[in-house]
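**Student:** Handing you this structure, nothing more for now.
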Amino acid sequence: MANNGTAPRTIDLRSDTLTKPTDAMRRAMAEAEVGDDVYGEDPTVNRLEETAARLMGKEAGLYVTSGTMGNLVSALSWCNRGDELVCGVDAHLLVNEMGAIATFGGVQMRALPNDHRGLMDPDDVELIVPPGGYFPRMALLTIENTNNRGNGAAYTVEQMRPLADVARANGMNVHMDGARIFNASVALGVPPSELASVADSVTFCLSKGLSAPVGSVVTGSSEFVARARRMRKMVGGGLRQAGVLAAAGLVALDTMVDRLADDHANAKRLAEGLARIPGFQVDPDTIETNIVYAELDDGDGPGTSARLKERGVLGNGRFNWVRFVPHYGITAEDIDEALDAIESTVKAGV
């Protein structure tokens, strides 16, 4: 990538949250029919919630502002103060959601080891079940699909079912952090409802690969969603004329799901290129959806991401890795240009 004294064009691969709403979404937002959602009178929000519930094979849905809020109100709905939530040690709701569930819910988070794809071992869940006496009540097990830290691993029903079975056998409900469940659905070639069937509640994001500007949806039984709606209000998430945002979510669900395959192809293309660049450790065979974690021989994720930024490539660098996430608006040509810039950075030694 020649600079010629000018700033390089920026290729932003930090996250799929960087997607911009499509023209169709902007039109739908401008024309949305609205009402007061706290009274249940916003027709566009109601349509979004009904559509989301149907796609997940659940009875009801609840529009929330973010995936973090979705996971929070779900945990608050399933758990009492002093209860225990079980998750993988790399789970997003444990590592990246600022301790919200523990802070606002008084819920103890029990982190279990997970494999390189982020999946817990059902035997480990069974081992921590208290024999009785003075132990926290194990109330909820969570599964993250796709799994962020697992290179966007997409779990099949067969892989998730043993976890769900051991949880229910021991009195726990099951919540799925399905922020990118549509990525898993496209990658595996199965409807999202099939993947959601293992869980009692599912949260998914509209504002990542689906490109809507704001929002997530929580789905589950009517009884569960009624509890979650109260919790949403409690944490300040009661929405009024939210149809102007929900309208974009409806367009996203109707038009943006199938194209996720393009992001997956670009992630694979990126991983294959990174695997050929000295200093970057990536196994392209582990890339199933749109997330690529590249481990670094020098162990300097922040430093590497800073050097790449100078060359016009943005990635999230932490610890000994840099994460790249192709998304809507990123083309195969952008991936090739980014790889050229990364290789030039390595060769320049800057």
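As shown in the structure tokens, the chain order sets the letters A, B, ...; within each chain, residues go from 1, and ligands are also counted from 1 in the order they appear.
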Apply DSSP to the structure's backbone, then extract all residues of stretch 29-137 of chain A labelled strand (DSSP E) and return them as a PyMOL selection string.

**Tutor:** chain A and resi 60-64+84-88+108-112

**Student:** Emit the selected residues as a PDB file, in the first residue's frame, including C-alpha atoms.

**Tutor:**
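Once written, out-v3.pdb looks like this:
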```pdb
ATOM      1  CA  ALA A  60     -42.193 -14.273  22.704  1.00  0.00           C
ATOM      2  CA  GLY A  61     -39.499 -11.664  22.190  1.00  0.00           C
ATOM      3  CA  LEU A  62     -38.261  -8.498  23.880  1.00  0.00           C
ATOM      4  CA  TYR A  63     -36.426  -5.672  22.110  1.00  0.00           C
ATOM      5  CA  VAL A  64     -33.450  -4.378  24.135  1.00  0.00           C
ATOM      6  CA  GLU A  84     -24.816 -19.160  40.561  1.00  0.00           C
ATOM      7  CA  LEU A  85     -24.443 -18.801  36.797  1.00  0.00           C
ATOM      8  CA  VAL A  86     -22.167 -21.266  34.989  1.00  0.00           C
ATOM      9  CA  CYS A  87     -20.238 -20.229  31.885  1.00  0.00           C
ATOM     10  CA  GLY A  88     -16.985 -20.853  30.028  1.00  0.00           C
ATOM     11  CA  GLN A 108     -22.073 -15.541  41.386  1.00  0.00           C
ATOM     12  CA  MET A 109     -20.333 -16.351  38.094  1.00  0.00           C
ATOM     13  CA  ARG A 110     -18.756 -19.826  37.988  1.00  0.00           C
ATOM     14  CA  ALA A 111     -16.237 -20.022  35.112  1.00  0.00           C
ATOM     15  CA  LEU A 112     -15.338 -23.470  33.818  1.00  0.00           C
TER      16      LEU A 112
END
```

**Student:** Could you tell me, as a ChimeraX atom specification, which residues of stretch 25-121 of chain A DSSP assigns to helix (DSSP H, G or I) when given the backbone?

**Tutor:** /A:25-30,37-39,43-56,67-78,92-95,100-105

**Student:** Quick one: pull the distance between atom CA of A:Val198 and atom CA of A:Leu119, Å, one decimal.

**Tutor:**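 Separating atom CA of A:Val198 from atom CA of A:Leu119 is a distance of 14.4 Å.
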
**Student:** What is the distance, in Å and to one decimal place, between atom CA of A:Leu76 and atom CA of A:Val217?

**Tutor:**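 If I compute the distance from atom CA of A:Leu76 to atom CA of A:Val217, I get 15.6 Å.
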
**Student:** How many Å lie between atom CA of A:Ala32 and atom CA of A:Val244, rounded to one decimal?

**Tutor:**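 We find that atom CA of A:Ala32 and atom CA of A:Val244 lie 5.5 Å from each other.
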
**Student:** Find the residues around A:Leu141 up to 8 Å (only C-alpha atoms counted), leave out those fewer than 2 positions away in its own chain, and share them as a list in words.

**Tutor:** Leu85, Val86, Cys87, Ala139, Ile143, Ala164, Ala167, Met172, Asn173, Val174 and His175 of chain A

**Student:** Generate the output file for the selected residues, C-alpha atoms, as a PDB file, in the first residue's frame.

**Tutor:**
```
ATOM      1  CA  LEU A  85     -24.443 -18.801  36.797  1.00  0.00           C
ATOM      2  CA  VAL A  86     -22.167 -21.266  34.989  1.00  0.00           C
ATOM      3  CA  CYS A  87     -20.238 -20.229  31.885  1.00  0.00           C
ATOM      4  CA  ALA A 139     -29.585 -21.562  38.514  1.00  0.00           C
ATOM      5  CA  ILE A 143     -23.730 -21.176  25.995  1.00  0.00           C
ATOM      6  CA  ALA A 164     -28.065 -28.493  28.119  1.00  0.00           C
ATOM      7  CA  ALA A 167     -27.791 -28.505  33.222  1.00  0.00           C
ATOM      8  CA  MET A 172     -30.620 -25.283  35.829  1.00  0.00           C
ATOM      9  CA  ASN A 173     -32.129 -23.313  32.987  1.00  0.00           C
ATOM     10  CA  VAL A 174     -30.102 -22.710  29.831  1.00  0.00           C
ATOM     11  CA  HIS A 175     -29.489 -19.308  28.251  1.00  0.00           C
TER      12      HIS A 175
END
```

**Student:** Neighbours of A:Thr219 within 10 Å (only C-alpha atoms; same-chain residues fewer than 6 positions away dropped), as an MDAnalysis selection string?

**Tutor:** chainID A and resid 49:50 52:63 70 74 175:176 196 199:204 225 228

**Student:** Store the residues picked out above, limited to C-alpha atoms, as an mmCIF file, in the first residue's frame.

**Tutor:**
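Saved to out-v2.cif:
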```cif
data_model
loop_
_atom_site.group_PDB
_atom_site.id
_atom_site.type_symbol
_atom_site.label_atom_id
_atom_site.label_comp_id
_atom_site.auth_asym_id
_atom_site.auth_seq_id
_atom_site.Cartn_x
_atom_site.Cartn_y
_atom_site.Cartn_z
ATOM 1 C CA GLU A 49 -40.458 -9.089 18.679
ATOM 2 C CA GLU A 50 -42.939 -11.453 17.042
ATOM 3 C CA ALA A 52 -37.633 -12.679 16.306
ATOM 4 C CA ALA A 53 -39.580 -15.146 18.454
ATOM 5 C CA ARG A 54 -40.757 -17.036 15.381
ATOM 6 C CA LEU A 55 -37.248 -17.238 13.938
ATOM 7 C CA MET A 56 -35.934 -18.623 17.234
ATOM 8 C CA GLY A 57 -38.840 -21.011 17.709
ATOM 9 C CA LYS A 58 -39.877 -19.290 20.937
ATOM 10 C CA GLU A 59 -43.178 -17.900 22.220
ATOM 11 C CA ALA A 60 -42.193 -14.273 22.704
ATOM 12 C CA GLY A 61 -39.499 -11.664 22.190
ATOM 13 C CA LEU A 62 -38.261 -8.498 23.880
ATOM 14 C CA TYR A 63 -36.426 -5.672 22.110
ATOM 15 C CA GLY A 70 -30.128 -8.886 26.738
ATOM 16 C CA SER A 74 -32.042 -12.804 31.014
ATOM 17 C CA HIS A 175 -29.489 -19.308 28.251
ATOM 18 C CA MET A 176 -27.818 -18.860 24.884
ATOM 19 C CA ALA A 196 -31.995 -22.117 19.716
ATOM 20 C CA ALA A 199 -31.888 -23.145 25.235
ATOM 21 C CA ASP A 200 -34.721 -21.789 27.359
ATOM 22 C CA SER A 201 -33.831 -18.233 26.351
ATOM 23 C CA VAL A 202 -31.773 -16.746 23.531
ATOM 24 C CA THR A 203 -30.382 -13.254 22.997
ATOM 25 C CA PHE A 204 -29.235 -12.198 19.530
ATOM 26 C CA VAL A 225 -40.258 -12.622 28.539
ATOM 27 C CA ALA A 228 -37.449 -9.982 31.354
#
```
